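*Asks:* What follows is a single structure, and I will ask about it in a moment.
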Amino acid sequence: MATNAEVTGPVSQEDIDAAEELKNEANEYFNKQNYNEAIEFYTKAIEKNPNNAVFYANRSIANLRLENFGYALRDATIAIDLDKTYIKAYYRRAAAHMSLGKYKLALKDFEYVTKVKPNDQFAKNKYDECNKIVKKIAFEKAISVDKKEVNIADSINLDTMTIEDEYQGPALEDGKVTLKFVTDLMEHYKQQKRLHRKYAYKILIDVKSYLMNQPTLVDIKVPDNKKFTVCGDIHGQFFDLMNIFELNGLPSESNPYLFNGDFVDRGSFSVECIFTLFSFKLLYPNHFFMSRGNHETLDMNRMYGFRGEVIFKYTVQMADLFTEVYNWLPLAHCINSRVLVMHGGLFSSDEVTLDDIRMVDRNKQPPEDGIMCELLWSDPQPMLGRAPSRRGVGCQFGPDVTANFLKRNGLDYIIRSHEVKNDGYEVAHDGKCITVFSAPNYCDTMGNLGAFITMNGKDLKPEFTKYEAVPHPNVRPMTYANPFFTMIC
């Protein structure tokens, strides 16, 4: 799919009219939330008339909805180059910058709009919101000390937290997670009730303590005739998570699971998802595995709802503790030395080995390039070779890149997540690169199925189970997201 176009000279009236019809058709697809089709038709309109800023700005917001932030940024910039007075293009570019954590660049766009339209209250509100974020981040940096000296978990005194008499929810037994606790917790959450903060903090402290002793690349051994399940993105869709357990059984020592990142954000039951998953991790540490995704990061959590949800349901301190815990999540898992599982994908270099992954210092926010970044952000492409990422972070890698990596490391295939797929999964690169996405009807808008993968230890042949979304309480996705995103949601 083309994402750019050369600005040309005069365009015939016939092509202008044809482009307008294509744009109108694209708008219909966009309004039906079929963003891929919308992008295709905006692209066709651009091919007919590459001088119309509206076409690029419209394609930009469609790419924003698909989280193709790099493409969205490029299109918005082209729109601005074509028409410096087109305000919507500045909004689109600011949204792309914000999504990539480039808050100061977003602020510059809003500052320009407020100068051009000083009486526009909408523009002023967006500028103020963005400026607030920039100042807050600057303040946090100013008051912070060396991150390695900050340890929120050690600063929490659980003894001072009282369990009130009226609390009737699930309780840890002697400070430990039990099967009864987890099953009670899931029922408690189905009734939209909260876990007591003392137990919530204890789970986070214990999970962090466990994860700190785990390697960056975790080796998993699945016996020959035993089942193993891999799930993709959950994104705060708690009731769909419960449906996975209905379909495939609760996690146990005889029914192990790997959840492959993006447990939170977007969906508005992220707190319920993460405490359920962390509880199973503590209950079955050797049979329940969790990989870090690109949304287990501070920038994503600030923008897409998780941090706001934790603050609403608990405290700022707990939101900060989550960031500390997420830094210790493993970045990849290797099943029986034959299947590598990571959230994003492969690398910009052919030289990367499993040992290189093992040596990554993961206790930090992901950098903008390198192995850690690419494990969390990269995507496959059907073409050979590599290309810049449509997301603006990581890279896109072709079937030859996958084949070379597998051969170099003695692997059969890779499993990754990170992308919505209509059927909940996709098999690409001659069967060697599998995507699994476990959040059906993503954001209550995409209409996709969810899926999970099961395999046995002997042949590791992937089997796919697809399922539809289940009903959930009337709390919309992105309810706790930064107010800034009201402009693109």
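Numbering starts fresh at 1 for the residues of each chain in the structure tokens, the chains themselves are lettered A, B, ... in the order given, and ligands are numbered from 1 as they appear.
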Between stretch 278-302 of chain A and stretch 196-211 of chain A, at 8 Å or less, what are the per-residue closest atom pairs and their distances in Å? Count only C-alpha atoms, order by chain and rising residue number, and return it as a Markdown table.
*Replies:*
```
| residue | atom | partner | partner_atom | distance |
| --- | --- | --- | --- | --- |
| A:Phe278 | CA | A:Val207 | CA | 6.8 |
| A:Ser279 | CA | A:Ile203 | CA | 6.9 |
| A:Lys281 | CA | A:Val207 | CA | 7.6 |
| A:Leu282 | CA | A:Val207 | CA | 6.7 |
```
*Asks:* Would you list, as a ChimeraX atom specification, the residues of stretch 5-166 of chain A that end up in helix (DSSP H, G or I) under DSSP run on this structure's backbone?
*Replies:* /A:13-31,35-48,53-65,69-82,87-99,103-116,121-143,147-149,152-155,158-160
*Asks:* Dump as JSON lines the rows for residues of stretch 328-441 of chain A within 12 Å of stretch 244-252 of chain A: closest atom pair and distance in Å with one decimal, only C-alpha atoms counted, ordered by chain and rising residue number.
*Replies:*
```
{"residue": "A:Ser438", "atom": "CA", "partner": "A:Ile244", "partner_atom": "CA", "distance": 8.5}
{"residue": "A:Ala439", "atom": "CA", "partner": "A:Ile244", "partner_atom": "CA", "distance": 10.0}
{"residue": "A:Pro440", "atom": "CA", "partner": "A:Ile244", "partner_atom": "CA", "distance": 10.8}
```
*Asks:* Store the residues picked out above in a file with all heavy atoms, as a short mmCIF file (atom, residue, chain, number, x, y, z; two decimals), in the first residue's frame.
*Replies:*
```cif
data_model
loop_
_atom_site.label_atom_id
_atom_site.label_comp_id
_atom_site.auth_asym_id
_atom_site.auth_seq_id
_atom_site.Cartn_x
_atom_site.Cartn_y
_atom_site.Cartn_z
N SER A 438 -6.01 -11.62 20.72
CA SER A 438 -7.04 -12.26 21.54
C SER A 438 -8.11 -11.32 22.06
O SER A 438 -8.90 -11.70 22.94
CB SER A 438 -6.37 -13.00 22.72
OG SER A 438 -5.47 -13.97 22.24
N ALA A 439 -8.18 -10.09 21.54
CA ALA A 439 -9.19 -9.11 21.95
C ALA A 439 -10.22 -8.96 20.83
O ALA A 439 -10.02 -8.18 19.90
CB ALA A 439 -8.55 -7.77 22.27
N PRO A 440 -11.35 -9.70 20.88
CA PRO A 440 -12.35 -9.62 19.81
C PRO A 440 -13.10 -8.29 19.84
O PRO A 440 -13.25 -7.67 20.89
CB PRO A 440 -13.29 -10.78 20.13
CG PRO A 440 -13.17 -10.97 21.61
CD PRO A 440 -11.75 -10.63 21.95
#
```
*Asks:* Determine which residues of stretch 201-439 of chain A receive a DSSP assignment of strand (DSSP E or B), computed from the backbone, and state them as number ranges by chain.
*Replies:* A: 217-220, 227-231, 233, 252, 255, 257-259, 288-290, 332-335, 339-342, 379-380, 386-388, 395-397, 413-416, 425-428, 433-437
*Asks:* One number please: atom CA of A:Ser349 to atom CA of A:Leu64, in Å, one decimal.
*Replies:*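 Computing the Euclidean distance for atom CA of A:Ser349 and atom CA of A:Leu64 yields 27.6 Å.
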*Asks:* At a cut-off of 8 Å, using only C-alpha atoms, what residues contact stretch 460-471 of chain A? Leave out same-chain residues fewer than 3 positions from it and give the result as an NGL selection string.
*Replies:* :A and (239-240 or 243 or 423-425 or 439-441 or 448-457)
*Asks:* Do a neighbour search on A:Ser389 at 10 Å with only C-alpha atoms, toss out local chain neighbours closer than 4 positions, and write the hits as a PyMOL selection string.
*Replies:* chain A and resi 68-71+377-381+393-397
*Asks:* Mind checking which residues fall within 7 Å of stretch 16-20 of chain A, counting only C-alpha atoms, ignoring those fewer than 2 positions away in the same chain, and posting them as a PyMOL selection string?
*Replies:* chain A and resi 11-14+22-24+45-46+48-49
*Asks:* Generate the output file for the selected residues, all heavy atoms, as a CSV table (one decimal), in the first residue's frame.
*Replies:*
```
chain,number,residue,atom,x,y,z
A,11,VAL,N,-3.9,19.0,-12.3
A,11,VAL,CA,-4.6,17.8,-12.4
A,11,VAL,C,-5.8,18.1,-13.2
A,11,VAL,O,-6.5,19.1,-13.1
A,11,VAL,CB,-5.0,17.2,-11.0
A,11,VAL,CG1,-5.7,15.9,-11.2
A,11,VAL,CG2,-3.7,17.0,-10.2
A,12,SER,N,-6.2,17.1,-14.1
A,12,SER,CA,-7.4,17.4,-15.0
A,12,SER,C,-8.6,17.4,-14.2
A,12,SER,O,-8.7,16.7,-13.1
A,12,SER,CB,-7.4,16.2,-16.1
A,12,SER,OG,-7.8,15.0,-15.4
A,13,GLN,N,-9.6,18.0,-14.7
A,13,GLN,CA,-10.9,18.1,-14.0
A,13,GLN,C,-11.5,16.7,-13.9
A,13,GLN,O,-12.2,16.4,-12.8
A,13,GLN,CB,-11.9,19.0,-14.7
A,13,GLN,CG,-13.2,19.3,-14.0
A,13,GLN,CD,-12.9,20.0,-12.6
A,13,GLN,OE1,-12.2,20.9,-12.5
A,13,GLN,NE2,-13.6,19.4,-11.6
A,14,GLU,N,-11.3,15.9,-14.9
A,14,GLU,CA,-11.8,14.5,-14.8
A,14,GLU,C,-11.2,13.7,-13.6
A,14,GLU,O,-11.9,13.0,-12.9
A,14,GLU,CB,-11.4,13.8,-16.1
A,14,GLU,CG,-11.9,12.4,-16.2
A,14,GLU,CD,-11.6,11.7,-17.5
A,14,GLU,OE1,-10.9,12.3,-18.4
A,14,GLU,OE2,-11.9,10.5,-17.6
A,22,LEU,N,-13.9,8.9,-5.1
A,22,LEU,CA,-13.1,7.9,-4.3
A,22,LEU,C,-13.0,8.3,-2.9
A,22,LEU,O,-13.1,7.5,-2.0
A,22,LEU,CB,-11.7,7.7,-4.9
A,22,LEU,CG,-11.7,7.0,-6.3
A,22,LEU,CD1,-10.3,7.2,-7.0
A,22,LEU,CD2,-11.9,5.5,-6.1
A,23,LYS,N,-12.8,9.6,-2.6
A,23,LYS,CA,-12.8,10.1,-1.2
A,23,LYS,C,-14.1,9.8,-0.5
A,23,LYS,O,-14.1,9.4,0.6
A,23,LYS,CB,-12.4,11.5,-1.2
A,23,LYS,CG,-12.3,12.1,0.2
A,23,LYS,CD,-12.7,13.6,0.3
A,23,LYS,CE,-14.2,13.8,0.1
A,23,LYS,NZ,-14.6,15.2,0.3
A,24,ASN,N,-15.2,10.1,-1.2
A,24,ASN,CA,-16.5,9.9,-0.6
A,24,ASN,C,-16.8,8.4,-0.3
A,24,ASN,O,-17.3,8.1,0.7
A,24,ASN,CB,-17.6,10.4,-1.6
A,24,ASN,CG,-17.6,11.9,-1.7
A,24,ASN,OD1,-17.1,12.6,-0.9
A,24,ASN,ND2,-18.2,12.4,-2.8
A,45,ALA,N,-7.7,7.9,-4.3
A,45,ALA,CA,-8.0,9.3,-4.5
A,45,ALA,C,-6.8,10.1,-4.7
A,45,ALA,O,-6.7,11.0,-5.5
A,45,ALA,CB,-8.9,9.8,-3.4
A,46,ILE,N,-5.8,9.8,-3.8
A,46,ILE,CA,-4.5,10.5,-3.9
A,46,ILE,C,-3.8,10.3,-5.2
A,46,ILE,O,-3.2,11.1,-5.8
A,46,ILE,CB,-3.6,10.1,-2.7
A,46,ILE,CG1,-4.1,10.7,-1.4
A,46,ILE,CG2,-2.1,10.5,-2.9
A,46,ILE,CD1,-3.5,10.2,-0.1
A,48,LYS,N,-5.2,9.8,-8.0
A,48,LYS,CA,-5.8,10.6,-9.0
A,48,LYS,C,-5.5,12.1,-8.9
A,48,LYS,O,-5.3,12.8,-9.9
A,48,LYS,CB,-7.4,10.4,-8.9
A,48,LYS,CG,-7.9,9.0,-9.4
A,48,LYS,CD,-7.8,8.9,-10.9
A,48,LYS,CE,-8.4,7.6,-11.4
A,48,LYS,NZ,-8.3,7.5,-12.9
A,49,ASN,N,-5.5,12.5,-7.6
A,49,ASN,CA,-5.2,13.9,-7.4
A,49,ASN,C,-4.3,14.1,-6.1
A,49,ASN,O,-4.8,14.2,-5.0
A,49,ASN,CB,-6.5,14.7,-7.1
A,49,ASN,CG,-6.3,16.2,-6.9
A,49,ASN,OD1,-5.2,16.7,-7.0
A,49,ASN,ND2,-7.4,16.8,-6.4
```
*Asks:* Could you list, as JSON, numbers by chain, every residue within 12 Å of A:Lys102, counting only C-alpha atoms and ignoring same-chain residues fewer than 4 positions away?
*Replies:* {"A": [69, 70, 73, 93, 94, 95, 96, 97, 98, 106, 107, 108, 109, 130, 133, 134, 137, 299, 300, 303, 368, 392, 393]}
*Asks:* Generate a file of the selected residues that holds N, CA, C and O atoms, formatted as a tab-separated table (two decimals), in the first residue's frame.
*Replies:*
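Result saved to again_15.tsv:
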```tsv
chain	number	residue	atom	x	y	z
A	69	PHE	N	1.04	4.89	13.48
A	69	PHE	CA	1.38	6.27	13.82
A	69	PHE	C	2.39	6.89	12.87
A	69	PHE	O	2.34	8.09	12.59
A	70	GLY	N	3.31	6.08	12.37
A	70	GLY	CA	4.31	6.60	11.44
A	70	GLY	C	3.67	7.06	10.14
A	70	GLY	O	3.99	8.14	9.63
A	73	LEU	N	1.61	10.23	10.76
A	73	LEU	CA	2.48	11.39	10.87
A	73	LEU	C	2.91	11.89	9.48
A	73	LEU	O	2.87	13.09	9.18
A	93	ARG	N	-1.45	15.59	12.95
A	93	ARG	CA	-0.02	15.42	13.19
A	93	ARG	C	0.27	15.45	14.69
A	93	ARG	O	1.10	14.68	15.19
A	94	ALA	N	-0.42	16.33	15.41
A	94	ALA	CA	-0.23	16.38	16.86
A	94	ALA	C	-0.63	15.06	17.50
A	94	ALA	O	0.05	14.55	18.40
A	95	ALA	N	-1.73	14.46	17.04
A	95	ALA	CA	-2.17	13.17	17.58
A	95	ALA	C	-1.14	12.08	17.33
A	95	ALA	O	-0.85	11.25	18.20
A	96	ALA	N	-0.55	12.09	16.13
A	96	ALA	CA	0.49	11.10	15.82
A	96	ALA	C	1.72	11.31	16.70
A	96	ALA	O	2.29	10.35	17.24
A	97	HIS	N	2.13	12.57	16.87
A	97	HIS	CA	3.26	12.86	17.75
A	97	HIS	C	2.97	12.40	19.18
A	97	HIS	O	3.83	11.80	19.84
A	98	MET	N	1.76	12.69	19.67
A	98	MET	CA	1.40	12.28	21.03
A	98	MET	C	1.46	10.77	21.17
A	98	MET	O	1.94	10.24	22.17
A	106	ALA	N	4.12	17.74	19.42
A	106	ALA	CA	2.67	17.93	19.37
A	106	ALA	C	2.30	19.32	19.85
A	106	ALA	O	1.44	20.00	19.27
A	107	LEU	N	2.96	19.76	20.91
A	107	LEU	CA	2.67	21.08	21.48
A	107	LEU	C	2.95	22.18	20.46
A	107	LEU	O	2.21	23.18	20.37
A	108	LYS	N	4.00	22.02	19.66
A	108	LYS	CA	4.32	23.03	18.63
A	108	LYS	C	3.19	23.15	17.61
A	108	LYS	O	2.86	24.26	17.18
A	109	ASP	N	2.59	22.01	17.25
A	109	ASP	CA	1.48	22.06	16.31
A	109	ASP	C	0.28	22.78	16.91
A	109	ASP	O	-0.37	23.61	16.25
A	130	CYS	N	-2.27	19.44	26.09
A	130	CYS	CA	-0.94	18.98	25.70
A	130	CYS	C	0.13	19.66	26.54
A	130	CYS	O	1.09	19.01	26.98
A	133	ILE	N	0.53	18.05	29.88
A	133	ILE	CA	1.30	16.81	29.84
A	133	ILE	C	2.79	17.10	29.77
A	133	ILE	O	3.60	16.50	30.49
A	134	VAL	N	3.18	18.03	28.91
A	134	VAL	CA	4.60	18.38	28.77
A	134	VAL	C	5.17	18.88	30.10
A	134	VAL	O	6.26	18.47	30.52
A	137	ILE	N	5.50	15.99	32.68
A	137	ILE	CA	6.66	15.13	32.42
A	137	ILE	C	7.95	15.83	32.83
A	137	ILE	O	8.84	15.24	33.43
A	299	ASP	N	4.62	5.66	28.45
A	299	ASP	CA	4.00	6.55	27.47
A	299	ASP	C	2.65	6.03	27.01
A	299	ASP	O	1.67	6.78	26.91
A	300	MET	N	2.57	4.74	26.70
A	300	MET	CA	1.31	4.16	26.25
A	300	MET	C	0.26	4.23	27.36
A	300	MET	O	-0.91	4.55	27.12
A	303	MET	N	-1.34	7.62	27.76
A	303	MET	CA	-2.23	8.06	26.70
A	303	MET	C	-3.49	7.21	26.58
A	303	MET	O	-4.58	7.73	26.36
A	368	GLU	N	14.15	3.92	21.55
A	368	GLU	CA	13.49	4.14	20.27
A	368	GLU	C	14.03	3.24	19.16
A	368	GLU	O	13.49	3.24	18.05
A	392	GLY	N	6.00	3.98	13.05
A	392	GLY	CA	6.98	5.00	13.40
A	392	GLY	C	8.00	4.53	14.41
A	392	GLY	O	8.90	5.27	14.78
A	393	VAL	N	7.87	3.27	14.87
A	393	VAL	CA	8.79	2.67	15.83
A	393	VAL	C	9.01	1.22	15.42
A	393	VAL	O	8.07	0.56	14.98
```
*Asks:* Would you mind telling me which residue in A:Ala123, A:Met372, A:Leu329, A:Leu406 lies nearest to A:Lys432 when using only C-alpha atoms?
*Replies:*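 Among the listed residues, the smallest separation from A:Lys432 belongs to A:Leu406.
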*Asks:* Could you check the closest approach to A:Pro330 for each of A:Leu100, A:Leu346, A:Leu66, A:Leu258 and tell me which residue wins, using only C-alpha atoms?
*Replies:*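 With only C-alpha atoms as the atom set, the closest residue is A:Leu258.
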*Asks:* From the set A:Ser348, A:Asp320, A:Ile152, A:Tyr103, which residue has the shortest atom-to-atom contact distance to A:Glu129, counting only C-alpha atoms?
*Replies:*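 When distances to A:Glu129 are compared using only C-alpha atoms, the smallest one comes from A:Tyr103.
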*Asks:* Record the distance separating atom CA of A:Gln121 and atom CA of A:Cys443, expressed in Å with one decimal.
*Replies:*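 That distance, rounded to one decimal, is 28.6 Å.
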*Asks:* Env of A:Ile39: 10 Å cut, atoms = only C-alpha atoms, seq-sep filter 3 positions within chain, self excluded. Answer as a ChimeraX atom specification.
*Replies:* /A:1-3,23,26-27,29-30,34-36,42-45,55-56,58-63
